[in-house]
$ cat input-v9.cif   # mmCIF, C-alpha atoms
data_structure
#
loop_
_atom_site.group_PDB
_atom_site.id
_atom_site.type_symbol
_atom_site.label_atom_id
_atom_site.label_comp_id
_atom_site.auth_asym_id
_atom_site.auth_seq_id
_atom_site.Cartn_x
_atom_site.Cartn_y
_atom_site.Cartn_z
ATOM 1 C CA MET A 798 154.033 69.006 -18.501
ATOM 2 C CA ARG A 799 157.683 68.441 -17.728
ATOM 3 C CA ILE A 800 158.633 65.224 -19.525
ATOM 4 C CA LEU A 801 161.759 63.074 -19.421
ATOM 5 C CA LEU A 802 162.510 61.370 -22.740
ATOM 6 C CA VAL A 803 164.951 58.455 -22.541
ATOM 7 C CA GLU A 804 165.747 57.393 -26.113
ATOM 8 C CA ASP A 805 169.121 56.504 -27.617
ATOM 9 C CA ASP A 806 168.236 56.883 -31.301
ATOM 10 C CA PRO A 807 168.972 60.533 -32.142
ATOM 11 C CA HIS A 808 166.434 60.773 -34.984
ATOM 12 C CA THR A 809 163.608 59.277 -32.940
ATOM 13 C CA ALA A 810 164.510 61.438 -29.949
ATOM 14 C CA ALA A 811 164.571 64.605 -32.054
ATOM 15 C CA PHE A 812 161.220 63.698 -33.651
ATOM 16 C CA ILE A 813 159.518 63.107 -30.290
ATOM 17 C CA ALA A 814 161.102 66.079 -28.529
ATOM 18 C CA LYS A 815 160.124 68.440 -31.348
ATOM 19 C CA GLY A 816 156.500 67.325 -31.193
ATOM 20 C CA LEU A 817 156.316 67.538 -27.404
ATOM 21 C CA ARG A 818 157.805 71.031 -27.358
ATOM 22 C CA GLU A 819 155.429 72.179 -30.082
ATOM 23 C CA ASP A 820 152.621 70.916 -27.842
ATOM 24 C CA GLY A 821 153.916 73.189 -25.083
ATOM 25 C CA HIS A 822 155.731 70.653 -22.904
ATOM 26 C CA ALA A 823 159.180 71.035 -21.344
ATOM 27 C CA VAL A 824 161.421 68.129 -22.387
ATOM 28 C CA ASP A 825 164.628 66.760 -20.873
ATOM 29 C CA HIS A 826 166.462 64.082 -22.845
ATOM 30 C CA ALA A 827 168.806 61.262 -21.881
ATOM 31 C CA ASP A 828 170.346 59.003 -24.528
ATOM 32 C CA ASN A 829 171.248 56.097 -22.235
ATOM 33 C CA GLY A 830 169.713 54.192 -19.361
ATOM 34 C CA ARG A 831 172.111 55.251 -16.612
ATOM 35 C CA ASP A 832 171.662 58.966 -17.238
ATOM 36 C CA GLY A 833 167.936 58.404 -17.604
ATOM 37 C CA LEU A 834 167.764 56.647 -14.237
ATOM 38 C CA PHE A 835 169.728 59.415 -12.542
ATOM 39 C CA MET A 836 167.467 62.111 -13.972
ATOM 40 C CA ALA A 837 164.270 60.167 -13.222
ATOM 41 C CA THR A 838 165.210 59.684 -9.583
ATOM 42 C CA THR A 839 166.655 63.127 -8.857
ATOM 43 C CA GLU A 840 164.242 65.407 -10.737
ATOM 44 C CA ALA A 841 160.461 65.821 -10.650
ATOM 45 C CA TYR A 842 158.699 64.910 -13.900
ATOM 46 C CA ASP A 843 155.054 64.719 -14.882
ATOM 47 C CA ALA A 844 155.687 61.784 -17.250
ATOM 48 C CA LEU A 845 158.442 59.587 -18.691
ATOM 49 C CA VAL A 846 158.729 58.453 -22.293
ATOM 50 C CA LEU A 847 161.069 55.490 -22.079
ATOM 51 C CA ASP A 848 162.669 53.370 -24.779
ATOM 52 C CA ARG A 849 162.965 49.715 -23.841
ATOM 53 C CA MET A 850 166.310 48.953 -25.522
ATOM 54 C CA LEU A 851 168.926 51.371 -24.170
ATOM 55 C CA PRO A 852 172.711 51.351 -23.785
ATOM 56 C CA GLY A 853 174.147 51.290 -20.285
ATOM 57 C CA LEU A 854 170.948 50.155 -18.600
ATOM 58 C CA ASP A 855 167.940 48.648 -20.354
ATOM 59 C CA GLY A 856 164.562 50.326 -20.116
ATOM 60 C CA LEU A 857 162.862 47.586 -18.099
ATOM 61 C CA THR A 858 165.573 47.655 -15.425
ATOM 62 C CA LEU A 859 165.342 51.447 -15.319
ATOM 63 C CA LEU A 860 161.566 51.250 -14.967
ATOM 64 C CA LYS A 861 161.682 48.626 -12.213
ATOM 65 C CA THR A 862 164.242 50.706 -10.315
ATOM 66 C CA VAL A 863 162.096 53.840 -10.575
ATOM 67 C CA ARG A 864 159.044 51.938 -9.336
ATOM 68 C CA GLY A 865 161.117 50.296 -6.595
ATOM 69 C CA ALA A 866 162.054 53.762 -5.366
ATOM 70 C CA GLY A 867 158.357 54.484 -4.860
ATOM 71 C CA SER A 868 157.805 56.750 -7.853
ATOM 72 C CA GLN A 869 154.367 56.589 -9.492
ATOM 73 C CA VAL A 870 155.277 58.923 -12.351
ATOM 74 C CA PRO A 871 153.297 57.948 -15.488
ATOM 75 C CA VAL A 872 155.504 55.999 -17.918
ATOM 76 C CA LEU A 873 154.959 55.404 -21.635
ATOM 77 C CA LEU A 874 157.223 52.580 -22.807
ATOM 78 C CA LEU A 875 158.472 52.622 -26.408
ATOM 79 C CA THR A 876 159.782 49.503 -28.096
ATOM 80 C CA ALA A 877 160.338 47.694 -31.356
ATOM 81 C CA LEU A 878 159.352 44.462 -29.555
ATOM 82 C CA GLY A 879 155.652 44.230 -30.219
ATOM 83 C CA ASP A 880 154.489 40.713 -29.398
ATOM 84 C CA VAL A 881 152.129 40.009 -26.530
ATOM 85 C CA ASP A 882 154.770 38.580 -24.163
ATOM 86 C CA HIS A 883 156.935 41.690 -24.486
ATOM 87 C CA ARG A 884 153.967 44.007 -23.910
ATOM 88 C CA VAL A 885 152.892 42.058 -20.845
ATOM 89 C CA GLU A 886 156.452 42.119 -19.516
ATOM 90 C CA GLY A 887 156.618 45.881 -19.927
ATOM 91 C CA LEU A 888 153.282 46.492 -18.235
ATOM 92 C CA ARG A 889 154.162 44.190 -15.352
ATOM 93 C CA ALA A 890 157.435 46.059 -14.893
ATOM 94 C CA GLY A 891 155.390 49.169 -14.145
ATOM 95 C CA ALA A 892 154.658 50.869 -17.468
ATOM 96 C CA ASP A 893 151.314 52.659 -17.728
ATOM 97 C CA ASP A 894 151.107 52.186 -21.480
ATOM 98 C CA TYR A 895 153.077 50.604 -24.303
ATOM 99 C CA LEU A 896 153.666 51.941 -27.823
ATOM 100 C CA VAL A 897 155.278 49.863 -30.565
ATOM 101 C CA LYS A 898 157.639 51.438 -33.083
ATOM 102 C CA PRO A 899 157.093 52.772 -35.668
ATOM 103 C CA PHE A 900 154.309 55.051 -34.458
ATOM 104 C CA ALA A 901 152.581 58.293 -35.351
ATOM 105 C CA TYR A 902 153.347 61.240 -33.095
ATOM 106 C CA SER A 903 149.630 61.963 -32.688
ATOM 107 C CA GLU A 904 149.169 58.529 -31.127
ATOM 108 C CA LEU A 905 152.107 59.033 -28.768
ATOM 109 C CA SER A 906 150.689 62.402 -27.729
ATOM 110 C CA ALA A 907 147.221 60.945 -27.084
ATOM 111 C CA ARG A 908 148.583 58.056 -25.028
ATOM 112 C CA LEU A 909 150.835 60.373 -23.044
ATOM 113 C CA ASP A 910 147.939 62.697 -22.253
ATOM 114 C CA SER A 911 145.855 59.722 -21.167
ATOM 115 C CA ILE A 912 148.390 58.293 -18.707
ATOM 116 C CA ALA A 913 149.161 61.779 -17.386
ATOM 117 C CA ARG A 914 145.467 62.306 -16.609
ATOM 118 C CA ARG A 915 145.373 58.983 -14.774
ATOM 119 C CA GLY A 916 148.459 59.983 -12.814
ATOM 120 C CA ALA A 917 146.955 63.351 -11.919
ATOM 121 C CA SER A 918 143.902 61.600 -10.490
ATOM 122 C CA GLY A 919 146.064 59.518 -8.184
ATOM 123 C CA GLY A 920 146.152 56.524 -10.485
ATOM 124 C CA SER A 921 142.646 55.381 -9.561
ATOM 125 C CA GLU A 922 140.455 54.168 -12.392
ATOM 126 C CA PRO A 923 136.808 55.300 -12.393
ATOM 127 C CA THR A 924 134.158 52.604 -12.257
ATOM 128 C CA LYS A 925 131.689 54.630 -14.306
ATOM 129 C CA LEU A 926 132.271 56.605 -17.474
ATOM 130 C CA ARG A 927 129.923 59.345 -18.654
ATOM 131 C CA VAL A 928 129.723 61.378 -21.850
ATOM 132 C CA ALA A 929 126.660 63.649 -21.999
ATOM 133 C CA ASP A 930 123.734 61.342 -21.136
ATOM 134 C CA LEU A 931 125.639 58.169 -22.063
ATOM 135 C CA GLU A 932 126.899 56.149 -19.102
ATOM 136 C CA LEU A 933 129.013 52.996 -18.948
ATOM 137 C CA ASP A 934 129.304 51.035 -15.698
ATOM 138 C CA LEU A 935 132.577 49.103 -15.737
ATOM 139 C CA LEU A 936 131.623 46.929 -12.780
ATOM 140 C CA SER A 937 128.125 45.838 -13.794
ATOM 141 C CA ARG A 938 129.086 45.959 -17.497
ATOM 142 C CA GLU A 939 125.947 47.950 -18.274
ATOM 143 C CA ALA A 940 125.487 50.819 -20.691
ATOM 144 C CA ARG A 941 122.693 53.373 -20.645
ATOM 145 C CA ARG A 942 121.780 56.463 -22.579
ATOM 146 C CA GLY A 943 119.273 58.446 -20.634
ATOM 147 C CA GLU A 944 116.665 55.942 -19.445
ATOM 148 C CA LYS A 945 117.431 53.432 -22.203
ATOM 149 C CA ARG A 946 119.536 50.379 -21.400
ATOM 150 C CA ILE A 947 121.889 49.414 -24.231
ATOM 151 C CA GLU A 948 122.822 45.779 -24.836
ATOM 152 C CA LEU A 949 126.439 45.441 -25.933
ATOM 153 C CA GLN A 950 128.471 42.499 -27.138
ATOM 154 C CA PRO A 951 131.885 42.108 -25.413
ATOM 155 C CA ARG A 952 133.807 43.706 -28.295
ATOM 156 C CA GLU A 953 131.311 46.541 -28.523
ATOM 157 C CA PHE A 954 131.710 47.122 -24.789
ATOM 158 C CA ARG A 955 135.513 47.339 -25.151
ATOM 159 C CA LEU A 956 135.152 49.690 -28.096
ATOM 160 C CA LEU A 957 132.753 51.988 -26.266
ATOM 161 C CA GLU A 958 134.888 51.930 -23.105
ATOM 162 C CA TYR A 959 137.954 52.998 -25.075
ATOM 163 C CA LEU A 960 136.090 55.737 -26.930
ATOM 164 C CA MET A 961 134.621 57.076 -23.684
ATOM 165 C CA LYS A 962 138.034 57.125 -22.010
ATOM 166 C CA GLN A 963 139.247 59.193 -24.977
ATOM 167 C CA ALA A 964 136.133 61.387 -25.024
ATOM 168 C CA GLU A 965 136.317 64.506 -27.209
ATOM 169 C CA ARG A 966 139.605 63.305 -28.739
ATOM 170 C CA VAL A 967 140.034 61.977 -32.263
ATOM 171 C CA VAL A 968 140.845 58.270 -32.081
ATOM 172 C CA THR A 969 142.656 56.783 -35.072
ATOM 173 C CA ARG A 970 142.062 53.361 -36.608
ATOM 174 C CA THR A 971 145.547 52.337 -35.463
ATOM 175 C CA MET A 972 144.688 53.226 -31.874
ATOM 176 C CA LEU A 973 141.461 51.214 -32.057
ATOM 177 C CA LEU A 974 143.110 48.189 -33.632
ATOM 178 C CA GLU A 975 145.720 48.089 -30.879
ATOM 179 C CA ALA A 976 143.520 48.912 -27.894
ATOM 180 C CA VAL A 977 140.361 46.973 -28.784
ATOM 181 C CA TRP A 978 141.525 44.179 -31.083
ATOM 182 C CA ASP A 979 145.124 43.852 -29.869
ATOM 183 C CA TYR A 980 146.404 44.151 -33.442
ATOM 184 C CA HIS A 981 149.718 45.840 -34.171
ATOM 185 C CA PHE A 982 149.147 45.740 -37.897
ATOM 186 C CA ASP A 983 146.308 46.640 -40.227
ATOM 187 C CA PRO A 984 144.407 43.423 -41.092
ATOM 188 C CA GLN A 985 143.017 45.173 -44.194
ATOM 189 C CA THR A 986 139.429 44.371 -43.243
ATOM 190 C CA ASN A 987 136.397 46.512 -42.458
ATOM 191 C CA VAL A 988 136.178 45.195 -38.878
ATOM 192 C CA ILE A 989 136.340 48.697 -37.372
ATOM 193 C CA ASP A 990 133.734 50.122 -39.745
ATOM 194 C CA VAL A 991 131.327 47.265 -38.973
ATOM 195 C CA HIS A 992 131.666 47.642 -35.194
ATOM 196 C CA ILE A 993 131.471 51.436 -35.312
ATOM 197 C CA SER A 994 128.294 51.180 -37.393
ATOM 198 C CA ARG A 995 126.716 48.732 -34.939
ATOM 199 C CA LEU A 996 127.742 50.813 -31.949
ATOM 200 C CA ARG A 997 126.396 53.992 -33.542
ATOM 201 C CA GLN A 998 123.037 52.316 -34.084
ATOM 202 C CA LYS A 999 122.896 51.287 -30.434
ATOM 203 C CA ILE A 1000 123.956 54.542 -28.763
ATOM 204 C CA ASP A 1001 122.685 57.171 -31.238
ATOM 205 C CA ALA A 1002 119.613 55.775 -33.003
ATOM 206 C CA GLY A 1003 116.461 57.403 -31.683
ATOM 207 C CA PHE A 1004 118.264 60.221 -29.899
ATOM 208 C CA PRO A 1005 118.161 63.811 -31.156
ATOM 209 C CA LYS A 1006 121.891 64.433 -30.795
ATOM 210 C CA PRO A 1007 124.522 61.947 -32.036
ATOM 211 C CA LEU A 1008 127.574 61.294 -29.867
ATOM 212 C CA LEU A 1009 129.707 59.080 -32.121
ATOM 213 C CA HIS A 1010 131.242 61.108 -34.931
ATOM 214 C CA THR A 1011 133.381 60.158 -37.922
ATOM 215 C CA VAL A 1012 136.251 62.579 -38.490
ATOM 216 C CA ARG A 1013 136.964 62.218 -42.179
ATOM 217 C CA GLY A 1014 140.531 61.177 -42.913
ATOM 218 C CA ALA A 1015 141.431 60.954 -39.228
ATOM 219 C CA GLY A 1016 139.260 58.537 -37.257
ATOM 220 C CA TYR A 1017 136.400 58.798 -34.779
ATOM 221 C CA ARG A 1018 135.389 60.995 -31.866
ATOM 222 C CA LEU A 1019 132.914 60.354 -29.067
ATOM 223 C CA GLY A 1020 131.495 63.524 -27.611
ATOM 224 C CA THR A 1021 128.988 66.324 -27.930
#

$ encode --input "input-v9.cif" --output "structure tokens"
Amino acid sequence: MRILLVEDDPHTAAFIAKGLREDGHAVDHADNGRDGLFMATTEAYDALVLDRMLPGLDGLTLLKTVRGAGSQVPVLLLTALGDVDHRVEGLRAGADDYLVKPFAYSELSARLDSIARRGASGGSEPTKLRVADLELDLLSREARRGEKRIELQPREFRLLEYLMKQAERVVTRTMLLEAVWDYHFDPQTNVIDVHISRLRQKIDAGFPKPLLHTVRGAGYRLGT
């Protein structure tokens, strides 16, 4: 992908740009909002990684201007402002996803890939998710594996939905805490382990091939 990175902190920018280039992406960098807006509206990019607090022009104003110009380029918003109101404000301004500093590069990469895939599909969200013979209907809120209907509690449904949207990718505990529990800190409990165990019993027990895998030292992966 060709990615525009708008980040004023030189160390953070260098860290992100290095990782993106190692992943094979082309990266342009702007260290202020005005240059970032000019580049975003005059060049074609596959995704934007945008800091919220920028000199010259703040990230939210930049984002609103880009969206006002009709651009649907996928945008990952970075910020040190992590409370719910700030996240909602960023998403309502047009961001596709929101990542709170400090963050691991692997999480940024996964989120960027996810919003880029959504952008490539025209921005439309599927109403059904499928991994092997496991299917999740987002409208009827039903889950099935083969012919078996699976009863899920609301949190289990959210957990499975997130895992299926990240199918075949390793999902970290941090990613799960933020996406499923809306935590931006580690509560130092076994809440993830308990829910993963319950979900594994529901979707894998009685089937010859497990789909929910633990990746030791990294997280979890749903896939074949």

$ closest_residue --input "input-v9.cif" --among "A:Leu926, A:Val967, A:Ala866, A:Leu817" --to "Arg799 of chain A" --atoms "all atoms listed in the file"
A:Leu817

$ residues_around --input "input-v9.cif" --residues "segment 874-886 of chain A" --least-positions-apart "2" --cutoff "7 Å" --atoms "only C-alpha atoms" --output "JSON, numbers by chain"
{"A": [846, 847, 848, 849, 872, 888, 889, 890, 892, 894, 895, 896, 897, 898]}

$ write_last_selection --input "input-v9.cif" --atoms "C-alpha atoms" --output "PDB file, in the coordinates of the input"
ATOM      1  CA  VAL A 846     158.729  58.453 -22.293  1.00  0.00           C
ATOM      2  CA  LEU A 847     161.069  55.490 -22.079  1.00  0.00           C
ATOM      3  CA  ASP A 848     162.669  53.370 -24.779  1.00  0.00           C
ATOM      4  CA  ARG A 849     162.965  49.715 -23.841  1.00  0.00           C
ATOM      5  CA  VAL A 872     155.504  55.999 -17.918  1.00  0.00           C
ATOM      6  CA  LEU A 888     153.282  46.492 -18.235  1.00  0.00           C
ATOM      7  CA  ARG A 889     154.162  44.190 -15.352  1.00  0.00           C
ATOM      8  CA  ALA A 890     157.435  46.059 -14.893  1.00  0.00           C
ATOM      9  CA  ALA A 892     154.658  50.869 -17.468  1.00  0.00           C
ATOM     10  CA  ASP A 894     151.107  52.186 -21.480  1.00  0.00           C
ATOM     11  CA  TYR A 895     153.077  50.604 -24.303  1.00  0.00           C
ATOM     12  CA  LEU A 896     153.666  51.941 -27.823  1.00  0.00           C
ATOM     13  CA  VAL A 897     155.278  49.863 -30.565  1.00  0.00           C
ATOM     14  CA  LYS A 898     157.639  51.438 -33.083  1.00  0.00           C
TER      15      LYS A 898
END

$ atom_distance --input "input-v9.cif" --atom1 "atom CA of Ala964 of chain A" --atom2 "atom CA of Tyr1017 of chain A"
10.1 Å

$ axis_aligned_box --input "input-v9.cif" --around "segment 873-890 of chain A" --padding-each-side "6 Å" --output "AutoDock Vina command-line options"
--center_x 156.2 --center_y 47.0 --center_z -23.1 --size_x 20.2 --size_y 28.8 --size_z 28.5

$ atom_distance --input "input-v9.cif" --atom1 "atom CA of Glu953 of chain A" --atom2 "atom CA of Gly887 of chain A"
26.7 Å

$ residues_around --input "input-v9.cif" --residues "Pro852 of chain A" --least-positions-apart "6" --cutoff "9 Å" --atoms "all atoms listed in the file" --output "list in words"
Asp805, Asp828, Asn829, Gly830 and Arg831 of chain A

$ write_last_selection --input "input-v9.cif" --atoms "C-alpha atoms" --output "PDB file, in the coordinates of the input"
ATOM      1  CA  ASP A 805     169.121  56.504 -27.617  1.00  0.00           C
ATOM      2  CA  ASP A 828     170.346  59.003 -24.528  1.00  0.00           C
ATOM      3  CA  ASN A 829     171.248  56.097 -22.235  1.00  0.00           C
ATOM      4  CA  GLY A 830     169.713  54.192 -19.361  1.00  0.00           C
ATOM      5  CA  ARG A 831     172.111  55.251 -16.612  1.00  0.00           C
TER       6      ARG A 831
END

$ residues_around --input "input-v9.cif" --residues "Leu860 of chain A" --least-positions-apart "3" --cutoff "8 Å" --atoms "only C-alpha atoms" --output "number ranges by chain"
A: 856-857, 863-864, 890-892

$ resolve_selection --input "input-v9.cif" --expression "the PyMOL selection byres ((chain A and resi 996) around 9)" --output "PyMOL selection string"
chain A and resi 949+953-954+956-957+991-995+997-1001+1009
